[in-house]
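Everything below concerns the one structure shown next.
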Amino acid sequence: MKLIVNGEAHEVAAATLAELLAALDYEGNWLATAVNSDVVHTAERAQFKLNDGDRIEILAPMQGG
Amino acid sequence: MLDVYGTKLPSRLLLGTAQYPSPAILADAVKASCASVVTVSLRREMAGGRGGEKFWSLIQSLRLRVLPNTAGCHSVKEAVTTAKMAREVFGTNWIKLEVIGNHDTLQPDVFGLVEAARILREDGFAVFPYTTDDLVVAERLLAAGCQVLMPWCAPIGSALGPVNVTALRSMRGHFPEVPLIVDAGLGRPSHAARVMELGFDAVLLNTAVAKAADPVGMARAFGKAVDAGREAYRSGLLEPRDVAVPSTPTIGRAVFQ
């Protein structure tokens, strides 16, 4: 499946958002996720089905002003 | 003590966490400033990356309130989504709401700001809107449910200090009961003292400390300036006069022929 993850194209065999995170070596309870500009909460990732062309944002705490 | 959304803050300085030379200097600067709140952000994490985890551990070790921002968001949708993601990661409903309207000046898109503020207040967020000193916008933000306003005093990172003191004074006068935090544009401790002397409740700054030659020393200086400005405001400042008035009593003055 072709996905856009943090702005970059990926070809990944992942049916759900949780599977995608595992496949790309993302782990930790400090991550926040959104698919096609809508938040997907941690508890929803295992059930959240991905579709070809989905745009996924994976964010983490960072310095800010 | 300053009360924002039912939380009492022991310090009137809110400090940003970006652009410091190192994490250790950031931590030391925060401590030296005696800030009660630190601002943080969310950015893309690299695959397999642990940068976010390290930073979040450092922030948690400071044991201060965290105010996540929506920096860099240029639309209502972006800002609202970012706020919701921040709430999940940082475990707080506090959000410094930025909806940027211009790339060069980083001035807020006040129309989008009001709309995003309404959406987030209805969703239970404690919204700290980064706004201008415009009184009508301020009214709209309050009508949208905001209980705190954060006017700029100059563009973000400009270090210009209060460029429109008249507007700031007017804002303070119009909203005597609303917590007003000057956010953005402060370059020197004297700027912070100036706005605190005007009666503003707190200041939020970042670049002036982080980019100083000695961020820890500058953080301490800003902390003192905020306290000095607040105490001066509470103590009643002497208004300027056009004529000289002798401070030494004239009665009993010796006369020499």
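In the structure tokens, chains take letters A, B, ... by order of appearance, with residues numbered from 1 within each chain and ligands from 1 in the order shown.
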
For the interface of chain A with chain B (cut-off 10 Å, counting only C-alpha atoms), please tabulate each contacting residue of chain A alongside its nearest pair of atoms and their separation in Å to one decimal, rows sorted by chain and increasing number, as JSON lines.
```
{"residue": "A:Val5", "atom": "CA", "partner": "B:Ala47", "partner_atom": "CA", "distance": 9.6}
{"residue": "A:Asn6", "atom": "CA", "partner": "B:Arg44", "partner_atom": "CA", "distance": 6.4}
{"residue": "A:Gly7", "atom": "CA", "partner": "B:Arg44", "partner_atom": "CA", "distance": 9.3}
{"residue": "A:Leu21", "atom": "CA", "partner": "B:Ala47", "partner_atom": "CA", "distance": 8.6}
{"residue": "A:Ala22", "atom": "CA", "partner": "B:Gly48", "partner_atom": "CA", "distance": 9.7}
{"residue": "A:Ala23", "atom": "CA", "partner": "B:Ala47", "partner_atom": "CA", "distance": 9.5}
{"residue": "A:Leu24", "atom": "CA", "partner": "B:Ala47", "partner_atom": "CA", "distance": 5.8}
{"residue": "A:Asp25", "atom": "CA", "partner": "B:Gly48", "partner_atom": "CA", "distance": 4.8}
{"residue": "A:Tyr26", "atom": "CA", "partner": "B:Gly48", "partner_atom": "CA", "distance": 5.3}
{"residue": "A:Glu27", "atom": "CA", "partner": "B:Gly48", "partner_atom": "CA", "distance": 7.6}
{"residue": "A:Gly28", "atom": "CA", "partner": "B:Glu53", "partner_atom": "CA", "distance": 7.8}
{"residue": "A:Asn29", "atom": "CA", "partner": "B:Val89", "partner_atom": "CA", "distance": 7.5}
{"residue": "A:Trp30", "atom": "CA", "partner": "B:Val89", "partner_atom": "CA", "distance": 5.4}
{"residue": "A:Leu31", "atom": "CA", "partner": "B:Val89", "partner_atom": "CA", "distance": 6.4}
{"residue": "A:Ala32", "atom": "CA", "partner": "B:Met85", "partner_atom": "CA", "distance": 5.5}
{"residue": "A:Thr33", "atom": "CA", "partner": "B:Met85", "partner_atom": "CA", "distance": 7.0}
{"residue": "A:Ala34", "atom": "CA", "partner": "B:Met85", "partner_atom": "CA", "distance": 7.8}
{"residue": "A:Ser37", "atom": "CA", "partner": "B:Thr81", "partner_atom": "CA", "distance": 6.8}
{"residue": "A:Asp38", "atom": "CA", "partner": "B:Thr81", "partner_atom": "CA", "distance": 6.3}
{"residue": "A:Val39", "atom": "CA", "partner": "B:Thr81", "partner_atom": "CA", "distance": 6.2}
{"residue": "A:Val40", "atom": "CA", "partner": "B:Met85", "partner_atom": "CA", "distance": 8.4}
{"residue": "A:His41", "atom": "CA", "partner": "B:Glu88", "partner_atom": "CA", "distance": 7.4}
{"residue": "A:Thr42", "atom": "CA", "partner": "B:Glu88", "partner_atom": "CA", "distance": 8.3}
{"residue": "A:Glu57", "atom": "CA", "partner": "B:Arg44", "partner_atom": "CA", "distance": 7.0}
{"residue": "A:Ile58", "atom": "CA", "partner": "B:Arg44", "partner_atom": "CA", "distance": 5.7}
{"residue": "A:Leu59", "atom": "CA", "partner": "B:Arg44", "partner_atom": "CA", "distance": 4.3}
{"residue": "A:Ala60", "atom": "CA", "partner": "B:Gly52", "partner_atom": "CA", "distance": 4.9}
{"residue": "A:Pro61", "atom": "CA", "partner": "B:Gly52", "partner_atom": "CA", "distance": 4.7}
{"residue": "A:Met62", "atom": "CA", "partner": "B:Ser41", "partner_atom": "CA", "distance": 5.0}
{"residue": "A:Gln63", "atom": "CA", "partner": "B:Ala18", "partner_atom": "CA", "distance": 4.6}
{"residue": "A:Gly64", "atom": "CA", "partner": "B:Val40", "partner_atom": "CA", "distance": 4.2}
{"residue": "A:Gly65", "atom": "CA", "partner": "B:Gly16", "partner_atom": "CA", "distance": 4.0}
```

Residue set, region 58-237 of chain B restricted to strand (DSSP E or B), as an NGL selection string = :B and (65-69 or 94-97 or 100 or 108 or 126-131 or 149-151 or 180-183 or 202-205)

Find the residues near Ala116 (chain B): any atom within 12 Å, counting only C-alpha atoms, skip ones fewer than 5 places away on the same chain, and give them as an NGL selection string.
-> :B and (70 or 73-84 or 95-100 or 108-111 or 121-123 or 125 or 127-130 or 140-141 or 144-146)

Record the distance separating CA of Asn102 (chain B) and CA of Val136 (chain B), expressed in Å with one decimal.
->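 Between these atoms lies a distance of 19.8 Å.
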
In Å to one decimal, how far is CA of Pro151 (chain B) from CA of Asp133 (chain B)?
->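 A separation of 5.3 Å between them.
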
Find the residue from B:Asp214, B:Asp28, B:Asp201, B:Glu139 that sits nearest to Arg230 (chain B); use only C-alpha atoms when measuring.
->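 For Arg230 (chain B), the nearest of the candidates is B:Asp201.
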
Met218 (chain B): which residues within 9 Å, counting only C-alpha atoms, same-chain residues fewer than 2 positions away excluded, as a list in words?
->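 With the cut-off at 9 Å, the set is Ala29, Ala32, Ser33, Arg188, Pro189, Ala208, Val209, Ala210, Ala212, Ala213, Asp214, Pro215, Val216, Arg220, Ala221, Phe222 and Gly223 of chain B.
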
Fewer than 5 positions away in the same chain doesn't count, so skip those; otherwise give me all residues within 6 Å of Ile181 (chain B), counting only C-alpha atoms, as a list in words.
->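 Surrounding residues, per the criterion: Met150, Asp201, Ala202 and Val203 of chain B.
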
DSSP on the backbone, then: every residue of chain A marked alpha helix (DSSP H), written as a PyMOL selection string.
-> chain A and resi 17-23

Measure the distance from CA of Lys8 (chain B) to CA of Gly91 (chain B) in Å and round it to one decimal.
->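 Between CA of Lys8 (chain B) and CA of Gly91 (chain B) the gap is 18.4 Å.
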